[in-house]
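entry-v4.txt (compact mmCIF, C-alpha atoms)
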# COMPACT_ATOMS: atom_id res chain seq x y z
CA MET Y 1 0.00 0.00 0.00
CA LYS Y 2 2.81 2.31 0.97
CA LYS Y 3 4.46 1.62 -2.35
CA ILE Y 4 1.43 2.87 -4.26
CA TYR Y 5 1.42 6.11 -2.32
CA LEU Y 6 5.02 6.63 -3.30
CA THR Y 7 4.64 5.65 -6.94
CA LEU Y 8 1.50 7.56 -7.87
CA PRO Y 9 2.83 11.01 -7.01
CA VAL Y 10 6.04 10.27 -8.88
CA ILE Y 11 4.03 9.36 -11.97
CA ALA Y 12 1.89 12.44 -11.45
CA ILE Y 13 4.93 14.70 -11.29
CA MET Y 14 6.35 13.10 -14.43
CA VAL Y 15 3.08 13.66 -16.30
CA ILE Y 16 2.98 17.29 -15.17
CA ALA Y 17 6.59 17.77 -16.25
CA LEU Y 18 5.93 16.22 -19.65
CA VAL Y 19 2.71 18.01 -20.38
CA SER Y 20 3.29 21.44 -18.90
CA PRO Y 21 5.57 22.80 -21.68
CA VAL Y 22 2.75 22.06 -24.13
CA LEU Y 23 0.29 23.76 -21.84
CA THR Y 24 2.50 26.81 -21.41
CA ALA Y 25 2.66 27.20 -25.15
CA ASN Y 26 -1.08 26.86 -25.26
CA LYS Y 27 -2.02 29.61 -22.90
CA SER Y 28 -3.24 32.88 -24.31
CA PRO Y 29 -0.77 35.79 -24.17
CA GLU Y 30 -1.67 38.05 -21.24
CA LYS Y 31 -0.76 41.43 -19.82
CA GLY Y 32 2.67 41.54 -18.16
CA GLU Y 33 4.09 38.71 -20.24
CA THR Y 34 6.33 38.75 -23.28
CA LEU Y 35 5.06 37.55 -26.65
CA PRO Y 36 5.40 33.90 -27.59
CA VAL Y 37 8.36 33.45 -29.92
CA PHE Y 38 7.38 33.35 -33.60
CA ASN Y 39 8.58 34.78 -36.89
CA LEU Y 40 6.67 36.68 -39.52
CA PRO Y 41 7.80 37.16 -43.12
CA ILE Y 42 9.10 40.63 -43.96
CA PRO Y 43 6.43 42.03 -46.34
CA LYS Y 44 7.32 42.19 -50.04
CA ASN Y 45 5.16 45.27 -50.44
CA PRO Y 46 7.45 48.34 -50.05
CA ALA Y 47 4.72 50.46 -48.42
CA GLU Y 48 4.14 47.82 -45.73
CA LYS Y 49 7.87 47.41 -45.25
CA THR Y 50 8.26 51.15 -44.70
CA TYR Y 51 5.24 51.22 -42.40
CA LEU Y 52 6.85 48.59 -40.17
CA GLY Y 53 10.33 50.11 -40.49
CA LEU Y 54 11.80 46.86 -41.77
CA SER Y 55 14.28 46.23 -44.55
CA GLY Y 56 15.63 43.29 -46.53
CA ASP Y 57 14.03 39.87 -46.93
CA GLY Y 58 13.43 36.95 -44.65
CA PHE Y 59 11.73 37.03 -41.30
CA PHE Y 60 11.22 39.35 -38.37
CA LYS Y 61 9.89 39.26 -34.84
CA ILE Y 62 7.26 41.72 -33.68
CA PRO Y 63 9.60 43.62 -31.28
CA GLN Y 64 11.77 44.45 -34.32
CA ILE Y 65 9.01 46.66 -35.71
CA LYS Y 66 10.10 50.29 -35.51
CA ALA Y 67 7.53 51.56 -33.03
CA LYS Y 68 6.86 52.17 -29.36
CA VAL Y 69 3.68 50.14 -29.44
CA VAL Y 70 2.42 47.39 -31.74
CA ILE Y 71 -1.22 46.35 -31.78
CA VAL Y 72 -1.65 42.76 -32.96
CA GLU Y 73 -5.04 41.43 -33.98
CA ILE Y 74 -5.35 37.67 -34.30
CA TYR Y 75 -8.31 37.27 -36.63
CA SER Y 76 -9.76 35.00 -39.30
CA MET Y 77 -11.65 35.71 -42.50
CA TYR Y 78 -14.05 33.01 -41.31
CA CYS Y 79 -14.81 34.76 -38.02
CA PRO Y 80 -18.06 36.77 -37.93
CA TYR Y 81 -16.95 39.12 -35.13
CA CYS Y 82 -13.67 39.88 -36.93
CA GLN Y 83 -15.71 40.73 -40.01
CA LYS Y 84 -18.03 42.96 -38.00
CA ASP Y 85 -15.10 44.74 -36.31
CA ALA Y 86 -13.05 45.16 -39.50
CA PRO Y 87 -14.27 48.69 -40.38
CA GLY Y 88 -13.67 49.81 -36.79
CA ILE Y 89 -10.11 48.47 -36.82
CA ASN Y 90 -9.48 50.30 -40.10
CA GLU Y 91 -10.70 53.44 -38.38
CA LEU Y 92 -8.23 52.84 -35.55
CA TYR Y 93 -5.45 52.71 -38.13
CA GLN Y 94 -6.67 55.95 -39.76
CA ARG Y 95 -6.86 57.74 -36.41
CA ILE Y 96 -3.28 56.77 -35.59
CA GLN Y 97 -2.00 57.72 -39.05
CA LYS Y 98 -3.71 61.10 -38.96
CA ASN Y 99 -2.16 62.01 -35.63
CA PRO Y 100 1.44 63.28 -36.17
CA ASP Y 101 2.31 62.46 -32.55
CA LEU Y 102 1.23 58.84 -32.89
CA LYS Y 103 1.84 57.70 -36.44
CA ASP Y 104 5.47 56.77 -35.89
CA LYS Y 105 4.84 55.36 -32.45
CA ILE Y 106 1.93 52.94 -32.89
CA LYS Y 107 1.76 50.27 -35.58
CA LEU Y 108 -0.98 47.78 -36.32
CA ILE Y 109 -0.79 44.28 -37.78
CA GLY Y 110 -3.20 41.38 -38.27
CA ILE Y 111 -2.47 37.66 -38.20
CA GLY Y 112 -4.98 35.42 -40.01
CA ALA Y 113 -5.29 32.27 -37.88
CA GLY Y 114 -5.56 29.24 -40.18
CA ASN Y 115 -5.94 31.53 -43.20
CA THR Y 116 -4.08 30.84 -46.43
CA PRO Y 117 -2.39 33.73 -48.28
CA PHE Y 118 -5.35 33.71 -50.70
CA GLU Y 119 -7.81 33.98 -47.81
CA VAL Y 120 -5.84 36.83 -46.25
CA GLU Y 121 -5.95 38.67 -49.60
CA ALA Y 122 -9.69 38.03 -49.89
CA TYR Y 123 -10.22 39.58 -46.45
CA ARG Y 124 -7.95 42.51 -47.22
CA LYS Y 125 -9.83 43.20 -50.43
CA THR Y 126 -13.28 42.83 -48.87
CA TYR Y 127 -12.59 45.27 -46.04
CA GLN Y 128 -9.90 47.39 -47.73
CA VAL Y 129 -7.59 46.69 -44.80
CA PRO Y 130 -4.83 49.34 -44.91
CA PHE Y 131 -2.34 47.72 -42.50
CA PRO Y 132 -0.19 44.58 -42.94
CA LEU Y 133 -1.91 41.21 -42.62
CA PHE Y 134 -0.01 37.95 -42.30
CA PRO Y 135 -1.31 34.46 -43.09
CA ASP Y 136 -0.91 31.74 -40.46
CA LYS Y 137 -2.00 28.90 -42.69
CA ASP Y 138 -0.99 26.01 -40.44
CA TYR Y 139 -2.11 27.68 -37.18
CA THR Y 140 1.55 27.81 -36.04
CA ILE Y 141 1.28 31.27 -34.51
CA HIS Y 142 -2.27 30.60 -33.36
CA LYS Y 143 -1.00 27.55 -31.44
CA ALA Y 144 1.88 29.54 -29.94
CA CYS Y 145 -0.75 32.00 -28.74
CA GLY Y 146 -2.78 29.37 -26.93
CA GLU Y 147 -5.32 28.89 -29.72
CA VAL Y 148 -7.16 32.00 -28.65
CA ARG Y 149 -10.66 32.57 -29.98
CA THR Y 150 -10.85 35.36 -32.52
CA PRO Y 151 -10.58 38.29 -32.64
CA TYR Y 152 -7.85 38.53 -29.99
CA PHE Y 153 -6.05 41.82 -29.45
CA ILE Y 154 -2.54 42.09 -28.03
CA VAL Y 155 -0.94 45.46 -27.30
CA VAL Y 156 2.84 45.19 -27.11
CA LYS Y 157 5.08 47.90 -25.71
CA ILE Y 158 8.56 47.92 -27.19
CA ASN Y 159 11.22 49.43 -24.95
CA ASP Y 160 14.26 51.40 -26.15
CA ASP Y 161 16.59 48.54 -25.19
CA GLY Y 162 14.72 46.16 -27.51
CA THR Y 163 12.87 44.32 -24.74
CA HIS Y 164 9.10 44.26 -24.81
CA GLN Y 165 6.05 43.38 -22.80
CA ILE Y 166 2.35 42.87 -23.37
CA VAL Y 167 0.56 45.81 -21.75
CA HIS Y 168 -2.95 44.77 -22.73
CA ALA Y 169 -4.70 41.71 -24.17
CA GLN Y 170 -8.37 41.12 -24.82
CA LEU Y 171 -10.70 38.63 -26.48
CA GLY Y 172 -13.33 40.24 -28.69
CA ASN Y 173 -15.37 43.10 -27.25
CA TYR Y 174 -13.79 45.69 -29.55
CA PRO Y 175 -15.24 48.95 -28.25
CA GLY Y 176 -14.66 51.04 -31.39
CA ALA Y 177 -11.66 53.01 -32.60
CA GLU Y 178 -11.69 55.94 -30.19
CA PRO Y 179 -12.10 54.06 -26.89
CA PHE Y 180 -9.65 51.40 -28.00
CA LEU Y 181 -7.00 53.96 -28.92
CA GLU Y 182 -7.53 55.63 -25.56
CA LEU Y 183 -7.03 52.25 -23.88
CA VAL Y 184 -3.85 51.61 -25.88
CA LEU Y 185 -2.41 55.01 -24.96
CA LYS Y 186 -3.10 54.51 -21.26
CA ALA Y 187 -1.91 50.91 -21.09
CA SER Y 188 1.33 51.68 -22.91
CA GLY Y 189 2.06 54.89 -21.02
CA LEU Y 190 2.15 56.94 -24.23
CA LYS Y 191 -0.34 59.23 -22.53
CA MET G 1 0.37 10.77 6.63
CA LYS G 2 -3.05 12.29 6.06
CA LYS G 3 -1.53 15.50 4.77
CA LYS G 4 0.76 13.61 2.43
CA ILE G 5 -2.13 11.71 0.92
CA ARG G 6 -3.90 14.97 0.30
CA ILE G 7 -0.88 16.42 -1.52
CA ASP G 8 -0.58 13.23 -3.53
CA SER G 9 -4.21 13.35 -4.55
CA VAL G 10 -3.83 16.96 -5.61
CA LEU G 11 -0.81 16.11 -7.75
CA ILE G 12 -2.57 13.19 -9.34
CA ALA G 13 -5.66 15.26 -9.99
CA ILE G 14 -3.55 17.96 -11.64
CA ALA G 15 -1.81 15.39 -13.82
CA ILE G 16 -5.08 13.79 -14.91
CA SER G 17 -6.71 17.10 -15.68
CA MET G 18 -3.70 18.15 -17.74
CA LEU G 19 -4.04 15.03 -19.83
CA LEU G 20 -7.78 15.55 -20.23
CA PHE G 21 -7.49 19.13 -21.32
CA LEU G 22 -4.65 18.83 -23.80
CA PRO G 23 -5.54 21.47 -26.34
CA ARG G 24 -6.56 20.84 -29.93
CA ALA G 25 -6.05 22.96 -33.01
CA TYR G 26 -9.19 24.92 -33.74
CA GLY G 27 -9.64 28.46 -34.90
CA ALA G 28 -12.85 29.16 -33.06
CA SER G 29 -14.49 32.53 -33.44
CA GLU G 30 -15.57 34.46 -30.37
CA ALA G 31 -18.95 34.87 -32.13
CA PHE G 32 -19.93 31.39 -30.96
CA LYS G 33 -18.67 32.00 -27.39
CA GLY G 34 -18.36 28.73 -25.53
CA ASN G 35 -21.07 27.04 -27.59
CA ILE G 36 -18.92 25.00 -29.92
CA TYR G 37 -18.91 21.33 -29.02
CA LYS G 38 -15.44 19.85 -29.35
CA VAL G 39 -15.74 16.67 -31.36
CA GLY G 40 -12.08 15.71 -31.28
CA ASP G 41 -10.25 14.28 -34.25
CA LEU G 42 -12.53 12.26 -36.51
CA LYS G 43 -11.87 9.76 -39.27
CA PRO G 44 -11.09 12.09 -42.21
CA VAL G 45 -13.65 10.54 -44.60
CA ASP G 46 -16.27 7.96 -43.63
CA SER G 47 -18.48 7.39 -46.68
CA LYS G 48 -18.27 6.32 -50.30
CA LEU G 49 -19.10 8.79 -53.08
CA MET G 50 -22.09 7.84 -55.22
CA VAL G 51 -21.34 10.40 -57.94
CA LYS G 52 -18.33 11.54 -59.87
CA VAL G 53 -17.24 14.50 -61.97
CA GLY G 54 -19.11 14.42 -65.29
CA ASN G 55 -22.25 12.85 -63.78
CA GLN G 56 -25.64 14.52 -63.76
CA ALA G 57 -26.09 15.86 -60.22
CA PRO G 58 -28.83 13.93 -58.36
CA HIS G 59 -32.03 15.92 -58.03
CA PHE G 60 -33.31 17.06 -54.63
CA THR G 61 -35.78 19.41 -52.97
CA LEU G 62 -35.14 20.49 -49.39
CA PRO G 63 -36.68 22.95 -46.94
CA SER G 64 -34.62 26.07 -46.35
CA LEU G 65 -34.18 28.30 -43.36
CA SER G 66 -36.30 31.03 -44.94
CA GLY G 67 -39.24 28.64 -45.18
CA GLU G 68 -39.14 28.09 -48.94
CA LYS G 69 -38.35 24.78 -50.53
CA VAL G 70 -35.28 24.82 -52.73
CA SER G 71 -34.80 22.40 -55.65
CA LEU G 72 -31.58 21.88 -57.51
CA GLY G 73 -33.59 21.94 -60.75
CA GLN G 74 -34.68 25.56 -60.30
CA TYR G 75 -31.19 26.76 -61.21
CA ARG G 76 -30.93 24.63 -64.37
CA GLY G 77 -29.93 26.77 -67.32
CA LYS G 78 -29.61 29.86 -65.08
CA LYS G 79 -26.89 29.46 -62.48
CA ASN G 80 -24.04 27.23 -61.51
CA VAL G 81 -24.53 25.73 -58.06
CA VAL G 82 -22.13 25.01 -55.21
CA LEU G 83 -23.39 22.52 -52.63
CA SER G 84 -21.55 22.97 -49.36
CA PHE G 85 -22.30 20.05 -47.07
CA VAL G 86 -20.99 20.59 -43.55
CA PRO G 87 -21.18 17.87 -40.89
CA ALA G 88 -23.27 19.51 -38.19
CA ALA G 89 -24.22 22.73 -36.48
CA TRP G 90 -22.25 23.79 -33.40
CA THR G 91 -19.11 21.87 -34.34
CA PRO G 92 -15.67 23.44 -34.59
CA VAL G 93 -14.68 23.63 -38.24
CA CYS G 94 -18.18 24.03 -39.72
CA SER G 95 -18.84 27.06 -37.60
CA ASP G 96 -15.81 28.66 -39.24
CA GLN G 97 -16.58 27.79 -42.85
CA TRP G 98 -19.80 29.48 -44.01
CA PRO G 99 -18.97 32.86 -42.44
CA GLY G 100 -16.02 33.01 -44.86
CA TYR G 101 -18.26 32.30 -47.86
CA ASN G 102 -20.56 34.95 -46.50
CA ILE G 103 -18.06 37.72 -47.32
CA MET G 104 -17.30 36.21 -50.74
CA LYS G 105 -20.68 36.89 -52.38
CA ASP G 106 -18.91 38.85 -55.15
CA ILE G 107 -16.81 35.90 -56.21
CA PHE G 108 -19.87 33.66 -56.44
CA GLU G 109 -21.80 36.30 -58.39
CA GLU G 110 -18.92 37.00 -60.76
CA ASN G 111 -19.01 33.33 -61.64
CA GLU G 112 -22.81 33.22 -61.94
CA THR G 113 -22.99 30.76 -59.10
CA VAL G 114 -25.36 30.23 -56.21
CA LEU G 115 -24.23 28.64 -52.98
CA LEU G 116 -26.46 26.19 -51.11
CA GLY G 117 -25.39 25.30 -47.58
CA ILE G 118 -26.65 21.90 -46.41
CA THR G 119 -26.48 20.04 -43.11
CA VAL G 120 -28.44 17.13 -41.63
CA ASP G 121 -29.68 19.35 -38.77
CA ASN G 122 -33.28 20.41 -38.37
CA ILE G 123 -34.43 23.96 -39.13
CA PRO G 124 -34.61 25.30 -35.53
CA THR G 125 -31.04 24.18 -34.87
CA LEU G 126 -29.85 25.72 -38.13
CA PHE G 127 -31.68 28.91 -37.23
CA ALA G 128 -29.99 29.26 -33.84
CA TRP G 129 -26.58 28.32 -35.19
CA THR G 130 -26.50 30.48 -38.32
CA ASN G 131 -27.78 33.47 -36.31
CA GLN G 132 -24.28 33.62 -34.80
CA MET G 133 -22.80 34.07 -38.26
CA GLY G 134 -24.48 37.37 -39.08
CA LYS G 135 -26.91 37.54 -41.99
CA LEU G 136 -26.13 34.88 -44.59
CA TRP G 137 -26.77 35.76 -48.23
CA PHE G 138 -27.16 32.15 -49.37
CA PRO G 139 -29.89 29.58 -48.64
CA VAL G 140 -29.28 27.10 -45.85
CA LEU G 141 -31.01 23.77 -46.41
CA SER G 142 -32.02 21.13 -43.91
CA ASP G 143 -31.39 17.52 -44.93
CA PHE G 144 -32.91 16.37 -41.66
CA TRP G 145 -35.81 14.16 -42.78
CA PRO G 146 -35.70 11.56 -44.17
CA HIS G 147 -32.46 11.81 -42.32
CA GLY G 148 -29.51 12.72 -44.54
CA ALA G 149 -31.33 11.51 -47.67
CA VAL G 150 -29.61 13.99 -49.99
CA ALA G 151 -26.20 13.43 -48.41
CA LYS G 152 -26.79 9.71 -48.93
CA LYS G 153 -27.70 10.21 -52.59
CA TYR G 154 -24.40 11.98 -53.18
CA GLY G 155 -22.53 9.47 -51.04
CA VAL G 156 -21.42 11.84 -48.29
CA LEU G 157 -23.43 10.52 -45.32
CA ARG G 158 -21.09 9.23 -42.65
CA SER G 159 -21.76 6.12 -40.59
CA ASP G 160 -22.71 8.21 -37.53
CA GLY G 161 -25.44 10.14 -39.39
CA VAL G 162 -23.66 13.45 -40.05
CA SER G 163 -22.44 14.40 -43.49
CA GLU G 164 -18.93 14.87 -44.78
CA ARG G 165 -17.43 18.31 -45.21
CA ALA G 166 -17.97 18.22 -48.97
CA LEU G 167 -18.16 20.66 -51.85
CA PHE G 168 -19.86 19.89 -55.17
CA VAL G 169 -19.70 22.36 -58.04
CA ILE G 170 -22.52 21.81 -60.54
CA ASN G 171 -22.72 23.71 -63.83
CA LYS G 172 -25.81 25.24 -65.44
CA LYS G 173 -26.51 21.99 -67.29
CA GLY G 174 -26.69 20.15 -63.98
CA ILE G 175 -23.39 18.35 -64.52
CA ILE G 176 -20.99 17.91 -61.59
CA ARG G 177 -17.72 19.68 -62.44
CA TYR G 178 -15.82 19.49 -59.14
CA ILE G 179 -15.96 17.40 -55.98
CA ASP G 180 -14.00 17.91 -52.78
CA VAL G 181 -14.87 15.49 -50.00
CA HIS G 182 -12.55 17.17 -47.57
CA ASP G 183 -10.91 15.82 -44.44
CA ILE G 184 -13.74 16.50 -41.96
CA ASN G 185 -11.26 17.93 -39.44
CA LYS G 186 -10.05 20.67 -41.77
CA ARG G 187 -11.48 23.62 -43.63
CA PRO G 188 -11.17 23.47 -47.43
CA PRO G 189 -8.96 26.37 -48.59
CA LEU G 190 -11.01 29.04 -50.35
CA GLU G 191 -8.68 29.17 -53.35
CA ASP G 192 -9.50 25.58 -54.38
CA LEU G 193 -13.21 26.35 -54.59
CA VAL G 194 -12.64 29.68 -56.34
CA SER G 195 -10.43 28.11 -58.97
CA ALA G 196 -13.09 25.45 -59.59
CA LEU G 197 -15.65 28.23 -60.09
CA GLU G 198 -13.39 30.11 -62.45
CA LYS G 199 -12.95 27.00 -64.57
CA LEU G 200 -16.71 26.79 -65.21
CA GLY G 201 -16.58 29.56 -67.80
CA LYS G 202 -19.38 32.02 -68.24
Hey, can you dump this file as structure tokens for me?
Amino acid sequence: MKKIYLTLPVIAIMVIALVSPVLTANKSPEKGETLPVFNLPIPKNPAEKTYLGLSGDGFFKIPQIKAKVVIVEIYSMYCPYCQKDAPGINELYQRIQKNPDLKDKIKLIGIGAGNTPFEVEAYRKTYQVPFPLFPDKDYTIHKACGEVRTPYFIVVKINDDGTHQIVHAQLGNYPGAEPFLELVLKASGLK
Amino acid sequence: MKKKIRIDSVLIAIAISMLLFLPRAYGASEAFKGNIYKVGDLKPVDSKLMVKVGNQAPHFTLPSLSGEKVSLGQYRGKKNVVLSFVPAAWTPVCSDQWPGYNIMKDIFEENETVLLGITVDNIPTLFAWTNQMGKLWFPVLSDFWPHGAVAKKYGVLRSDGVSERALFVINKKGIIRYIDVHDINKRPPLEDLVSALEKLGK
């Protein structure tokens, strides 16, 4: 009997040890944390490249974007709420771009969870999305982000020394461009 | 000793729950909240096609969500038709398939094509489910009774009574031009369907 008491917890600890890395990778990114590690392709489109302050070819990580704050929307062309919010997110982009104090400080990108490049283009065309969108065809990034439901918003503050942290994260409930921008400014300390 | 047992039980419980809740790859939309039933990984295809490309598409008439009956024959000579069978309401991948088609009305219209969404669910279930998708521009048909009869005619009724995730493209003459009985666990990429539509010619 005593043996069982000794063995079961050992097995339990082993299971926890084996499974927990998977679980960690499958937890949604939250405020106070750093982003999960993943690469995005440097856009071919020169305007998008300039917008993100990137050069050359290959891949980049979000903290390499030339900005103080990056807003990441994990979305899908197949997601009704993302579709409904799309015009409001475009308006957020316009508000930032029209403000000379903010346009170099805040950048916006979208990641299409499970969307092929064709599907990302279809979404861009349908909603005239003016900021860079990236396909995540095999759900690689989506998995690294804990398979969040969509749309999921992550606000990342990039520090001068290249480090970064998530200052805000939320599932759905997009309140519209103005309140969301206000929230981003407060959370990131830009205001 | 008592305390130790308690710690042990906690550890074991944690381990078991971790195994139970190992995550799966789904791109669920917040629109459906927590209402998507996780079916787990299913056998990719579990039926045998009864038709092939080049065949006349089997005729059917089914009730639609709007209350009207829809027959395949009513589009003969007028429109190409896409039949989109999805396995069942409130399941992970299906819930994220039609909303995509819903923003692609232009592509269907450009190719003179109507889309008919079909499941084996009854009308009230389809009503509640599709309400989460926003307003759909295409008819949604219920192949509920006799259960799955149309799916069976096409050879896409699975052994557990739901249909495959299948696309049939039928031209204006009623001839099947494209079939994709897709792995039920995955969403068919939009580009495959669009390229099939573009091949139909005007």
Of the listed residues Y:Thr140, Y:Gln97, Y:Asn159, Y:Asn45, that which approaches chain G most closely, counting all atoms listed in the file
Y:Thr140
Non-local contacts of Asp96 of chain G (10 Å; all atoms listed in the file; under 5 positions in same chain excluded) as a list in words
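Listed by chain and then number, they are Ser76, Met77, Tyr78, Cys79 and Pro80 of chain Y; Tyr26, Gly27, Ala28, Ser29, Ala31, Phe32, Trp90, Thr91, Tyr101, Met133 and Arg187 of chain G.
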Which of these, Y:Lys49, Y:Lys66, Y:Lys103, Y:His168, has the shortest distance to Val155 of chain Y once you count only C-alpha atoms?
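Closest residue, counting only C-alpha atoms: Y:His168.
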Any chance you could tabulate, as a Markdown table, the residues of segment 33-117 of chain G at most 12 Å from segment 113-133 of chain Y with each one's nearest atom pair and distance in Å to one decimal, using all atoms listed in the file, in chain and rising number order?
| residue | atom | partner | partner_atom | distance |
| --- | --- | --- | --- | --- |
| G:Val93 | CA | Y:Gly114 | CA | 10.9 |
| G:Asp96 | CA | Y:Gly114 | CA | 10.3 |
| G:Gln97 | CA | Y:Asn115 | CA | 11.3 |
| G:Pro99 | CA | Y:Tyr123 | CA | 11.7 |
| G:Gly100 | CA | Y:Glu119 | CA | 8.8 |
| G:Tyr101 | CA | Y:Ala122 | CA | 10.5 |
| G:Asn102 | CA | Y:Thr126 | CA | 11.0 |
| G:Ile103 | CA | Y:Thr126 | CA | 7.2 |
| G:Met104 | CA | Y:Ala122 | CA | 7.9 |
| G:Lys105 | CA | Y:Thr126 | CA | 10.1 |
| G:Asp106 | CA | Y:Thr126 | CA | 9.3 |
| G:Ile107 | CA | Y:Ala122 | CA | 9.8 |
If you count all atoms listed in the file, which residues fall within 7 Å of segment 52-64 of chain G, apart from same-chain ones fewer than 4 positions away, as an MDAnalysis selection string?
chainID G and resid 68:73 139:143 150 153 170 174:179
Min atom-atom distance to chain G from the set Y:Lys186, Y:Lys191, Y:Lys105, Y:Lys84, counting only C-alpha atoms, belongs to Y:Lys84
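Minimum distance to chain G across Y:Ile62, Y:Leu171, Y:Ile106, Y:Ala86 (counting all atoms listed in the file) occurs at Y:Leu171.
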Could you pull the residues within 9 Å of His147 of chain G, counting only C-alpha atoms, minus those fewer than 5 positions along the same chain, as a PyMOL selection string?
chain G and resi 120-121+152+161
To one decimal place in Å, what is the distance between atom CA of Ala67 of chain Y and atom CA of Lys44 of chain Y?
19.4 Å
Mind working out the centre and edge lengths of an axis-aligned box for segment 157-167 of chain Y, all listed atoms inside, 6 Å added to each side, rounded to one decimal in Å and written as lines of an AutoDock Vina configuration file?
center_x = 8.6
center_y = 47.1
center_z = -24.6
size_x = 28.0
size_y = 20.5
size_z = 17.8
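For the choices G:Leu190, G:Val45, G:Val86, G:Leu200, the atom-to-atom distance to chain Y is smallest for G:Leu190 when using only C-alpha atoms.
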Write out as a ChimeraX atom specification the residues lying within 9 Å of Asn80 of chain G, counting all atoms listed in the file and excluding same-chain residues fewer than 2 positions away.
/G:75-78,82,111-115,169-174,197,200
Between Y:Gly162, Y:Gly172, Y:Pro29, Y:Gly112, single out the one closest to Tyr75 of chain Y, counting only C-alpha atoms.
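Using only C-alpha atoms, Tyr75 of chain Y sits closest to Y:Gly112.
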Taking (2.2, 39.4, -40.6) as a centre in this file's frame and 6 Å as the limit, can you find every polymer residue with an atom that close, using only C-alpha atoms, and give them as a PyMOL selection string?
chain Y and resi 40+111+133-134
Just how far from atom CA of Ala89 of chain G is atom CA of Lys43 of chain G, in Å to one decimal?
18.1 Å
I'd like the interatomic distance between atom CA of Leu157 of chain G and atom CA of Lys186 of chain G, to a tenth of an Å.
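We find that atom CA of Leu157 of chain G and atom CA of Lys186 of chain G lie 17.2 Å from each other.
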Counting all atoms listed in the file, select every polymer residue within 6 Å of (-13.1, 20.6, -33.0) as defined in the file's coordinates, and provide the selection as an MDAnalysis selection string.
chainID G and resid 26 38:40 92
